[in-house]
Amino acid sequence: MGIRIDGKAIAAAVRADVKSEVQALKEQGIFPGMAVVIVGDDPASRIYVNNKKKACAEVGIYSEEFALPASTTQEELIRLVHELNARKDIHGILVQSPLPVGLDEKAVVENIDPKKDVDAFHAINVGHIMIGDYHFLPCTPAGVIEMLERSGIAIEGKECVVLGRSNIVGKPMAMLLLHHNGTVTLCHSRTRNLPEITRRADILVAAIGKAKFVTADMVKPGAVVIDVGMDRDENGKLCGDVDYQAVEPVASYITPVPGGVGPMTIAMLMKNAVSAAKLQNGLPV
């Protein structure tokens, strides 16, 4: 039976560390601040934004919400981003995705000051991640690394397989495992003989966006299985990309959905906000 990695407990430990750091910064006269921009009224986005604001409050980070109507133009949104770039009391800028149809997400991200890009989506930050010299990491992949480290799971020398090649999870996940000296294979929808490849993995990260896609026959006995998916099963119940019930007996460690990687994402966002405040005040990150 695989050991269940408790993302909630690890995320709580990360947030406690961040809270101490925030307190230490405040004692030096630095008050970390984050701007959260939401455009339109997507219900899932509203939940995410509320959770982010709640997490900021918990660790002592000042947060300010900018709720814009779905009719907001590209020019208006970019003007707001430029205003936030100029504000000294705002260290992190987060534009909640997805944006309404007609708005260019990439253009918005490229207008965020890279030092305030707490999602680490700006091309400059992506380049830093590629070469291994970074201040910010995308929150979900960073959360996965944190989970592995705090669970005492070594990455070095391990065969790591990442399912999914998105810019938000798959690609940066592969780079981070590589920076930790894993041997990495990145798989996607065009990969041939997929089960053959996933069965080689000592560490398997599923971020493919298909409910219960990873079955027991795709997992090497004793593998560490990290499920980044947030899907709905045939009954509309929240589940991941891994068939948990079937895979758990095969794995040595496994993350549940919900309660696995999810809580880590917001905890790492808080960590990035602190890094941004330090960076903008000339402190080592």
# chains A, B, ... in the order shown; residues from 1 in each chain; ligands from 1
>>> residues_around(residues="Ile254 in chain A", least_positions_apart="2", cutoff="10 Å", atoms="only C-alpha atoms", output="list of chain:residue names")
A:Met1, A:Gly2, A:Ile3, A:Arg4, A:Ile5, A:Asp6, A:Ile203, A:Leu204, A:Ala223, A:Val224, A:Val225, A:Ile226, A:Asp227, A:Val242, A:Tyr244, A:Val247, A:Glu248, A:Pro249, A:Val250, A:Ala251, A:Ser252, A:Pro256, A:Val257, A:Gly260
>>> write_last_selection(atoms="N, CA and C atoms", output="JSON list (two decimals), in the first residue's frame")
[["chain", "number", "residue", "atom", "x", "y", "z"],
["A", 1, "MET", "N", 0.84, -1.20, 0.00],
["A", 1, "MET", "CA", 0.00, 0.00, 0.00],
["A", 1, "MET", "C", 0.88, 1.25, 0.00],
["A", 2, "GLY", "N", 0.58, 2.15, -0.90],
["A", 2, "GLY", "CA", 1.38, 3.38, -0.99],
["A", 2, "GLY", "C", 1.12, 4.31, 0.18],
["A", 3, "ILE", "N", 2.17, 5.00, 0.59],
["A", 3, "ILE", "CA", 2.03, 6.00, 1.65],
["A", 3, "ILE", "C", 1.41, 7.25, 1.03],
["A", 4, "ARG", "N", 0.35, 7.73, 1.65],
["A", 4, "ARG", "CA", -0.36, 8.90, 1.13],
["A", 4, "ARG", "C", 0.39, 10.17, 1.52],
["A", 5, "ILE", "N", 0.78, 10.97, 0.54],
["A", 5, "ILE", "CA", 1.47, 12.23, 0.82],
["A", 5, "ILE", "C", 0.40, 13.28, 1.12],
["A", 6, "ASP", "N", 0.45, 13.82, 2.33],
["A", 6, "ASP", "CA", -0.58, 14.76, 2.78],
["A", 6, "ASP", "C", -0.22, 16.19, 2.38],
["A", 203, "ILE", "N", 9.70, 8.06, -10.36],
["A", 203, "ILE", "CA", 8.80, 9.15, -9.96],
["A", 203, "ILE", "C", 7.95, 9.48, -11.19],
["A", 204, "LEU", "N", 6.65, 9.34, -11.04],
["A", 204, "LEU", "CA", 5.72, 9.59, -12.14],
["A", 204, "LEU", "C", 4.83, 10.79, -11.77],
["A", 223, "ALA", "N", 6.84, 2.76, -7.34],
["A", 223, "ALA", "CA", 7.05, 4.12, -7.88],
["A", 223, "ALA", "C", 6.39, 5.16, -6.98],
["A", 224, "VAL", "N", 6.90, 6.39, -7.04],
["A", 224, "VAL", "CA", 6.27, 7.54, -6.38],
["A", 224, "VAL", "C", 5.35, 8.18, -7.43],
["A", 225, "VAL", "N", 4.06, 8.31, -7.10],
["A", 225, "VAL", "CA", 3.09, 8.81, -8.07],
["A", 225, "VAL", "C", 2.51, 10.14, -7.59],
["A", 226, "ILE", "N", 2.75, 11.18, -8.37],
["A", 226, "ILE", "CA", 2.28, 12.54, -8.04],
["A", 226, "ILE", "C", 1.18, 12.91, -9.04],
["A", 227, "ASP", "N", 0.00, 13.20, -8.52],
["A", 227, "ASP", "CA", -1.17, 13.48, -9.36],
["A", 227, "ASP", "C", -1.49, 14.98, -9.33],
["A", 242, "VAL", "N", -4.92, 10.20, -12.02],
["A", 242, "VAL", "CA", -4.53, 8.84, -11.62],
["A", 242, "VAL", "C", -5.73, 8.12, -11.02],
["A", 244, "TYR", "N", -6.72, 6.44, -8.42],
["A", 244, "TYR", "CA", -6.12, 6.31, -7.08],
["A", 244, "TYR", "C", -6.34, 4.91, -6.49],
["A", 247, "VAL", "N", -4.14, 2.37, -8.33],
["A", 247, "VAL", "CA", -2.69, 2.61, -8.32],
["A", 247, "VAL", "C", -2.09, 2.58, -6.92],
["A", 248, "GLU", "N", -2.85, 2.97, -5.93],
["A", 248, "GLU", "CA", -2.31, 3.06, -4.56],
["A", 248, "GLU", "C", -1.62, 1.78, -4.09],
["A", 249, "PRO", "N", -2.18, 0.58, -4.33],
["A", 249, "PRO", "CA", -1.49, -0.63, -3.86],
["A", 249, "PRO", "C", -0.15, -0.89, -4.55],
["A", 250, "VAL", "N", 0.05, -0.29, -5.73],
["A", 250, "VAL", "CA", 1.28, -0.52, -6.51],
["A", 250, "VAL", "C", 2.37, 0.47, -6.12],
["A", 251, "ALA", "N", 1.98, 1.70, -5.78],
["A", 251, "ALA", "CA", 2.94, 2.79, -5.53],
["A", 251, "ALA", "C", 3.56, 2.69, -4.14],
["A", 252, "SER", "N", 4.75, 3.33, -3.99],
["A", 252, "SER", "CA", 5.34, 3.43, -2.64],
["A", 252, "SER", "C", 4.80, 4.68, -1.94],
["A", 256, "PRO", "N", -3.14, 12.16, -3.04],
["A", 256, "PRO", "CA", -4.58, 12.08, -3.30],
["A", 256, "PRO", "C", -5.09, 13.31, -4.03],
["A", 257, "VAL", "N", -6.29, 13.22, -4.58],
["A", 257, "VAL", "CA", -7.01, 14.39, -5.13],
["A", 257, "VAL", "C", -8.44, 14.30, -4.61],
["A", 260, "GLY", "N", -3.88, 16.82, -2.20],
["A", 260, "GLY", "CA", -2.49, 16.49, -2.53],
["A", 260, "GLY", "C", -1.76, 17.73, -3.01]]
>>> residues_around(residues="range 110-127 of chain A", least_positions_apart="2", cutoff="9 Å", atoms="only C-alpha atoms", output="compact mmCIF listing (two decimals) with N, CA, C and O atoms, in the first residue's frame")
# COMPACT_ATOMS: atom_id res chain seq x y z
N MET A 34 0.36 42.09 -2.46
CA MET A 34 0.02 41.37 -3.69
C MET A 34 -1.26 41.93 -4.29
O MET A 34 -2.24 42.18 -3.58
N ILE A 78 -4.13 46.13 -19.60
CA ILE A 78 -2.68 46.38 -19.62
C ILE A 78 -2.34 47.69 -18.90
O ILE A 78 -1.33 47.77 -18.20
N VAL A 81 -2.18 46.85 -15.29
CA VAL A 81 -0.92 46.13 -15.01
C VAL A 81 0.23 47.12 -14.89
O VAL A 81 1.05 47.03 -13.96
N HIS A 82 0.30 48.10 -15.79
CA HIS A 82 1.38 49.09 -15.75
C HIS A 82 1.30 49.94 -14.47
O HIS A 82 2.33 50.26 -13.88
N LEU A 84 0.10 48.91 -11.62
CA LEU A 84 0.53 48.03 -10.52
C LEU A 84 2.05 47.82 -10.55
O LEU A 84 2.69 47.74 -9.50
N ASN A 85 2.62 47.77 -11.76
CA ASN A 85 4.08 47.68 -11.89
C ASN A 85 4.76 48.86 -11.18
O ASN A 85 5.83 48.72 -10.59
N ILE A 90 3.04 47.23 -3.92
CA ILE A 90 2.60 45.97 -4.54
C ILE A 90 3.84 45.25 -5.07
O ILE A 90 4.52 45.75 -5.98
N HIS A 91 4.14 44.10 -4.49
CA HIS A 91 5.35 43.35 -4.90
C HIS A 91 5.03 42.21 -5.85
O HIS A 91 5.91 41.76 -6.59
N GLY A 92 3.79 41.73 -5.81
CA GLY A 92 3.40 40.63 -6.68
C GLY A 92 2.12 40.95 -7.43
O GLY A 92 1.20 41.54 -6.86
N ILE A 93 2.09 40.60 -8.71
CA ILE A 93 0.88 40.82 -9.53
C ILE A 93 0.43 39.47 -10.08
O ILE A 93 1.21 38.75 -10.70
N LEU A 94 -0.83 39.18 -9.82
CA LEU A 94 -1.39 37.91 -10.29
C LEU A 94 -2.65 38.21 -11.10
O LEU A 94 -3.58 38.82 -10.57
N VAL A 95 -2.65 37.84 -12.36
CA VAL A 95 -3.84 38.00 -13.20
C VAL A 95 -4.47 36.62 -13.34
O VAL A 95 -3.87 35.71 -13.92
N GLU A 105 -4.07 36.69 -23.15
CA GLU A 105 -3.41 36.37 -21.88
C GLU A 105 -1.89 36.54 -21.95
O GLU A 105 -1.26 37.09 -21.04
N LYS A 106 -1.32 36.07 -23.06
CA LYS A 106 0.14 36.13 -23.24
C LYS A 106 0.62 37.59 -23.21
O LYS A 106 1.60 37.91 -22.54
N ALA A 107 -0.10 38.47 -23.91
CA ALA A 107 0.28 39.89 -23.95
C ALA A 107 0.19 40.52 -22.56
O ALA A 107 1.03 41.33 -22.17
N VAL A 108 -0.82 40.11 -21.79
CA VAL A 108 -0.98 40.65 -20.43
C VAL A 108 0.19 40.21 -19.56
O VAL A 108 0.82 41.03 -18.87
N ILE A 129 14.25 29.81 -15.48
CA ILE A 129 13.99 28.44 -15.02
C ILE A 129 14.75 27.45 -15.91
O ILE A 129 15.34 26.48 -15.43
N MET A 130 14.76 27.73 -17.19
CA MET A 130 15.44 26.86 -18.16
C MET A 130 16.93 26.72 -17.81
O MET A 130 17.48 25.62 -17.83
N ILE A 131 17.57 27.84 -17.47
CA ILE A 131 19.03 27.78 -17.21
C ILE A 131 19.33 27.49 -15.73
O ILE A 131 20.49 27.34 -15.35
N GLY A 132 18.29 27.42 -14.91
CA GLY A 132 18.49 27.05 -13.50
C GLY A 132 18.92 28.19 -12.60
O GLY A 132 19.49 27.98 -11.54
N ASP A 133 18.65 29.43 -13.03
CA ASP A 133 19.05 30.61 -12.24
C ASP A 133 17.78 31.45 -12.05
O ASP A 133 17.50 32.34 -12.84
N TYR A 134 17.00 31.12 -11.04
CA TYR A 134 15.66 31.72 -10.95
C TYR A 134 15.37 32.28 -9.55
O TYR A 134 15.95 31.86 -8.56
N HIS A 135 14.44 33.24 -9.51
CA HIS A 135 13.91 33.77 -8.25
C HIS A 135 12.52 33.20 -7.98
O HIS A 135 12.12 33.04 -6.85
N PHE A 136 11.76 32.97 -9.07
CA PHE A 136 10.39 32.47 -8.94
C PHE A 136 10.24 31.17 -9.73
O PHE A 136 10.83 31.03 -10.80
N LEU A 137 9.41 30.29 -9.20
CA LEU A 137 9.07 29.06 -9.91
C LEU A 137 7.56 28.98 -10.05
O LEU A 137 6.84 29.41 -9.16
N PRO A 138 7.07 28.41 -11.16
CA PRO A 138 5.62 28.21 -11.26
C PRO A 138 5.14 27.41 -10.04
O PRO A 138 5.80 26.44 -9.63
N CYS A 139 4.03 27.83 -9.47
CA CYS A 139 3.64 27.35 -8.14
C CYS A 139 3.38 25.85 -8.05
O CYS A 139 3.77 25.21 -7.07
N ASN A 167 2.81 24.64 -20.52
CA ASN A 167 3.79 25.63 -20.07
C ASN A 167 3.68 25.89 -18.57
O ASN A 167 4.62 26.35 -17.94
N ILE A 168 2.49 25.60 -18.00
CA ILE A 168 2.25 25.90 -16.59
C ILE A 168 2.77 24.79 -15.68
O ILE A 168 3.29 25.04 -14.61
N PRO A 172 7.84 23.13 -17.04
CA PRO A 172 8.67 23.52 -15.89
C PRO A 172 8.91 22.36 -14.91
O PRO A 172 9.97 22.26 -14.30
N LEU A 269 2.70 30.03 -3.95
CA LEU A 269 2.42 31.40 -4.40
C LEU A 269 2.78 32.39 -3.29
O LEU A 269 3.38 33.44 -3.54
N MET A 270 2.46 32.04 -2.06
CA MET A 270 2.81 32.90 -0.92
C MET A 270 4.33 33.02 -0.79
O MET A 270 4.87 34.09 -0.52
N LYS A 271 5.01 31.90 -1.03
CA LYS A 271 6.48 31.89 -0.97
C LYS A 271 7.05 32.83 -2.05
O LYS A 271 7.99 33.58 -1.80
N ASN A 272 6.46 32.77 -3.26
CA ASN A 272 6.90 33.65 -4.35
C ASN A 272 6.67 35.12 -4.02
O ASN A 272 7.49 35.98 -4.37
N ALA A 273 5.56 35.41 -3.34
CA ALA A 273 5.25 36.80 -2.98
C ALA A 273 6.32 37.36 -2.04
O ALA A 273 6.74 38.52 -2.16
N SER A 275 9.45 36.23 -1.88
CA SER A 275 10.67 36.37 -2.71
C SER A 275 10.64 37.67 -3.50
O SER A 275 11.64 38.37 -3.62
N ALA A 276 9.44 38.01 -4.03
CA ALA A 276 9.29 39.26 -4.81
C ALA A 276 9.55 40.48 -3.93
O ALA A 276 10.25 41.41 -4.36
N ALA A 277 9.03 40.47 -2.72
CA ALA A 277 9.24 41.61 -1.79
C ALA A 277 10.73 41.75 -1.46
O ALA A 277 11.25 42.86 -1.42
N LEU A 279 13.31 40.68 -3.32
CA LEU A 279 13.99 41.05 -4.57
C LEU A 279 13.90 42.55 -4.82
O LEU A 279 14.88 43.21 -5.16
N GLN A 280 12.69 43.10 -4.62
CA GLN A 280 12.45 44.52 -4.89
C GLN A 280 13.02 45.44 -3.82
O GLN A 280 13.10 46.65 -3.98
>>> select_by_dssp(residues="range 57-93 of chain A", states="alpha helix (DSSP H)", output="PDB file with N, CA, C and O atoms, in the first residue's frame")
ATOM      1  N   ALA A  57      -3.979  36.675   3.762  1.00  0.00           N
ATOM      2  CA  ALA A  57      -4.366  37.160   5.100  1.00  0.00           C
ATOM      3  C   ALA A  57      -3.744  36.277   6.191  1.00  0.00           C
ATOM      4  O   ALA A  57      -3.253  36.769   7.210  1.00  0.00           O
ATOM      5  N   GLU A  58      -3.745  34.986   5.931  1.00  0.00           N
ATOM      6  CA  GLU A  58      -3.242  34.026   6.934  1.00  0.00           C
ATOM      7  C   GLU A  58      -1.748  34.217   7.210  1.00  0.00           C
ATOM      8  O   GLU A  58      -1.304  34.109   8.354  1.00  0.00           O
ATOM      9  N   VAL A  59      -0.965  34.510   6.150  1.00  0.00           N
ATOM     10  CA  VAL A  59       0.491  34.645   6.346  1.00  0.00           C
ATOM     11  C   VAL A  59       0.918  36.095   6.578  1.00  0.00           C
ATOM     12  O   VAL A  59       2.091  36.373   6.793  1.00  0.00           O
ATOM     13  N   GLN A  74      -8.487  45.002 -23.737  1.00  0.00           N
ATOM     14  CA  GLN A  74      -7.069  44.657 -23.594  1.00  0.00           C
ATOM     15  C   GLN A  74      -6.280  45.879 -23.091  1.00  0.00           C
ATOM     16  O   GLN A  74      -5.461  45.759 -22.183  1.00  0.00           O
ATOM     17  N   GLU A  75      -6.575  47.048 -23.670  1.00  0.00           N
ATOM     18  CA  GLU A  75      -5.847  48.277 -23.301  1.00  0.00           C
ATOM     19  C   GLU A  75      -6.077  48.627 -21.833  1.00  0.00           C
ATOM     20  O   GLU A  75      -5.139  49.001 -21.123  1.00  0.00           O
ATOM     21  N   GLU A  76      -7.330  48.495 -21.376  1.00  0.00           N
ATOM     22  CA  GLU A  76      -7.649  48.818 -19.970  1.00  0.00           C
ATOM     23  C   GLU A  76      -6.911  47.868 -19.019  1.00  0.00           C
ATOM     24  O   GLU A  76      -6.381  48.297 -17.990  1.00  0.00           O
ATOM     25  N   LEU A  77      -6.884  46.596 -19.374  1.00  0.00           N
ATOM     26  CA  LEU A  77      -6.232  45.604 -18.511  1.00  0.00           C
ATOM     27  C   LEU A  77      -4.721  45.855 -18.453  1.00  0.00           C
ATOM     28  O   LEU A  77      -4.124  45.852 -17.366  1.00  0.00           O
ATOM     29  N   ILE A  78      -4.132  46.128 -19.602  1.00  0.00           N
ATOM     30  CA  ILE A  78      -2.679  46.378 -19.624  1.00  0.00           C
ATOM     31  C   ILE A  78      -2.339  47.685 -18.901  1.00  0.00           C
ATOM     32  O   ILE A  78      -1.330  47.772 -18.203  1.00  0.00           O
ATOM     33  N   ARG A  79      -3.234  48.690 -19.006  1.00  0.00           N
ATOM     34  CA  ARG A  79      -3.018  49.949 -18.278  1.00  0.00           C
ATOM     35  C   ARG A  79      -2.983  49.677 -16.767  1.00  0.00           C
ATOM     36  O   ARG A  79      -2.128  50.199 -16.045  1.00  0.00           O
ATOM     37  N   LEU A  80      -3.909  48.829 -16.297  1.00  0.00           N
ATOM     38  CA  LEU A  80      -3.934  48.485 -14.865  1.00  0.00           C
ATOM     39  C   LEU A  80      -2.630  47.782 -14.466  1.00  0.00           C
ATOM     40  O   LEU A  80      -2.035  48.104 -13.426  1.00  0.00           O
ATOM     41  N   VAL A  81      -2.183  46.849 -15.293  1.00  0.00           N
ATOM     42  CA  VAL A  81      -0.924  46.130 -15.011  1.00  0.00           C
ATOM     43  C   VAL A  81       0.229  47.117 -14.889  1.00  0.00           C
ATOM     44  O   VAL A  81       1.049  47.034 -13.961  1.00  0.00           O
ATOM     45  N   HIS A  82       0.300  48.099 -15.792  1.00  0.00           N
ATOM     46  CA  HIS A  82       1.378  49.093 -15.747  1.00  0.00           C
ATOM     47  C   HIS A  82       1.295  49.938 -14.470  1.00  0.00           C
ATOM     48  O   HIS A  82       2.326  50.262 -13.876  1.00  0.00           O
ATOM     49  N   GLU A  83       0.073  50.272 -14.057  1.00  0.00           N
ATOM     50  CA  GLU A  83      -0.110  51.030 -12.795  1.00  0.00           C
ATOM     51  C   GLU A  83       0.403  50.215 -11.613  1.00  0.00           C
ATOM     52  O   GLU A  83       1.058  50.739 -10.707  1.00  0.00           O
ATOM     53  N   LEU A  84       0.099  48.906 -11.621  1.00  0.00           N
ATOM     54  CA  LEU A  84       0.534  48.032 -10.524  1.00  0.00           C
ATOM     55  C   LEU A  84       2.048  47.823 -10.551  1.00  0.00           C
ATOM     56  O   LEU A  84       2.689  47.738  -9.501  1.00  0.00           O
ATOM     57  N   ASN A  85       2.615  47.775 -11.758  1.00  0.00           N
ATOM     58  CA  ASN A  85       4.082  47.684 -11.887  1.00  0.00           C
ATOM     59  C   ASN A  85       4.758  48.855 -11.182  1.00  0.00           C
ATOM     60  O   ASN A  85       5.829  48.720 -10.590  1.00  0.00           O
ATOM     61  N   ALA A  86       4.116  50.034 -11.266  1.00  0.00           N
ATOM     62  CA  ALA A  86       4.711  51.268 -10.737  1.00  0.00           C
ATOM     63  C   ALA A  86       4.522  51.423  -9.226  1.00  0.00           C
ATOM     64  O   ALA A  86       5.206  52.228  -8.598  1.00  0.00           O
TER      65      ALA A  86
END
>>> select_by_dssp(residues="range 29-227 of chain A", states="strand (DSSP E)", output="VMD selection string")
chain A and resid 33 to 39 62 to 68 92 to 95 159 to 163 183 to 187 203 to 206 224 to 227
>>> residues_around(residues="Cys56 in chain A", least_positions_apart="2", cutoff="10 Å", atoms="only C-alpha atoms", output="short mmCIF file (atom, residue, chain, number, x, y, z; two decimals) with N, CA and C atoms, in the first residue's frame")
data_model
loop_
_atom_site.label_atom_id
_atom_site.label_comp_id
_atom_site.auth_asym_id
_atom_site.auth_seq_id
_atom_site.Cartn_x
_atom_site.Cartn_y
_atom_site.Cartn_z
N ARG A 15 3.27 27.39 4.69
CA ARG A 15 2.64 28.67 5.04
C ARG A 15 3.15 29.19 6.39
N LYS A 19 4.89 32.74 6.92
CA LYS A 19 4.39 33.68 7.93
C LYS A 19 5.54 34.24 8.77
N PRO A 32 5.11 43.04 2.55
CA PRO A 32 4.80 42.40 1.27
C PRO A 32 3.35 42.63 0.86
N GLY A 33 3.17 42.99 -0.43
CA GLY A 33 1.82 43.26 -0.94
C GLY A 33 1.58 42.57 -2.27
N MET A 34 0.36 42.09 -2.46
CA MET A 34 0.02 41.37 -3.69
C MET A 34 -1.26 41.93 -4.29
N ASN A 50 -10.54 34.00 -4.14
CA ASN A 50 -10.89 34.06 -2.70
C ASN A 50 -9.90 33.25 -1.86
N ASN A 51 -9.51 32.08 -2.37
CA ASN A 51 -8.55 31.24 -1.65
C ASN A 51 -7.18 31.91 -1.55
N LYS A 52 -6.80 32.61 -2.62
CA LYS A 52 -5.50 33.30 -2.63
C LYS A 52 -5.51 34.46 -1.64
N LYS A 53 -6.62 35.20 -1.61
CA LYS A 53 -6.73 36.33 -0.68
C LYS A 53 -6.71 35.82 0.77
N LYS A 54 -7.40 34.71 1.00
CA LYS A 54 -7.46 34.11 2.34
C LYS A 54 -6.05 33.68 2.79
N GLU A 58 -3.75 34.99 5.93
CA GLU A 58 -3.24 34.03 6.93
C GLU A 58 -1.75 34.22 7.21
N VAL A 59 -0.97 34.51 6.15
CA VAL A 59 0.49 34.64 6.35
C VAL A 59 0.92 36.09 6.58
N GLY A 60 -0.03 37.04 6.50
CA GLY A 60 0.29 38.43 6.80
C GLY A 60 0.68 39.27 5.60
N ILE A 61 0.37 38.79 4.39
CA ILE A 61 0.65 39.56 3.17
C ILE A 61 -0.56 40.44 2.85
N TYR A 62 -0.27 41.72 2.58
CA TYR A 62 -1.35 42.64 2.20
C TYR A 62 -1.82 42.26 0.80
N SER A 63 -3.14 42.12 0.60
CA SER A 63 -3.62 41.83 -0.76
C SER A 63 -4.71 42.81 -1.15
N GLU A 64 -4.71 43.13 -2.43
CA GLU A 64 -5.71 44.06 -2.97
C GLU A 64 -6.32 43.42 -4.22
N ILE A 266 -1.07 27.12 -3.77
CA ILE A 266 -1.27 28.44 -3.14
C ILE A 266 -0.18 28.71 -2.10
N ALA A 267 0.28 27.68 -1.41
CA ALA A 267 1.37 27.87 -0.44
C ALA A 267 2.63 28.37 -1.14
N LEU A 269 2.70 30.03 -3.95
CA LEU A 269 2.42 31.40 -4.40
C LEU A 269 2.78 32.39 -3.29
N MET A 270 2.46 32.04 -2.06
CA MET A 270 2.81 32.90 -0.92
C MET A 270 4.33 33.02 -0.79
N ALA A 273 5.56 35.41 -3.34
CA ALA A 273 5.25 36.80 -2.98
C ALA A 273 6.32 37.36 -2.04
#
>>> atom_distance(atom1="CA of Val37 in chain A", atom2="CA of Ser20 in chain A")
26.2 Å
>>> closest_residue(among="A:Ala44, A:Met175, A:Val261, A:Leu68", to="His128 in chain A", atoms="only C-alpha atoms")
A:Met175
>>> closest_residue(among="A:Ile153, A:Ile38, A:Ala12, A:Val49", to="Ala67 in chain A", atoms="only C-alpha atoms")
A:Ile38
>>> residues_around(residues="Pro69 in chain A", least_positions_apart="5", cutoff="10 Å", atoms="only C-alpha atoms", output="list in words")
Ile38, Val39, Gly40, Asp41 and Pro100 of chain A
>>> atom_distance(atom1="CA of Leu103 in chain A", atom2="CA of Ala35 in chain A")
19.1 Å
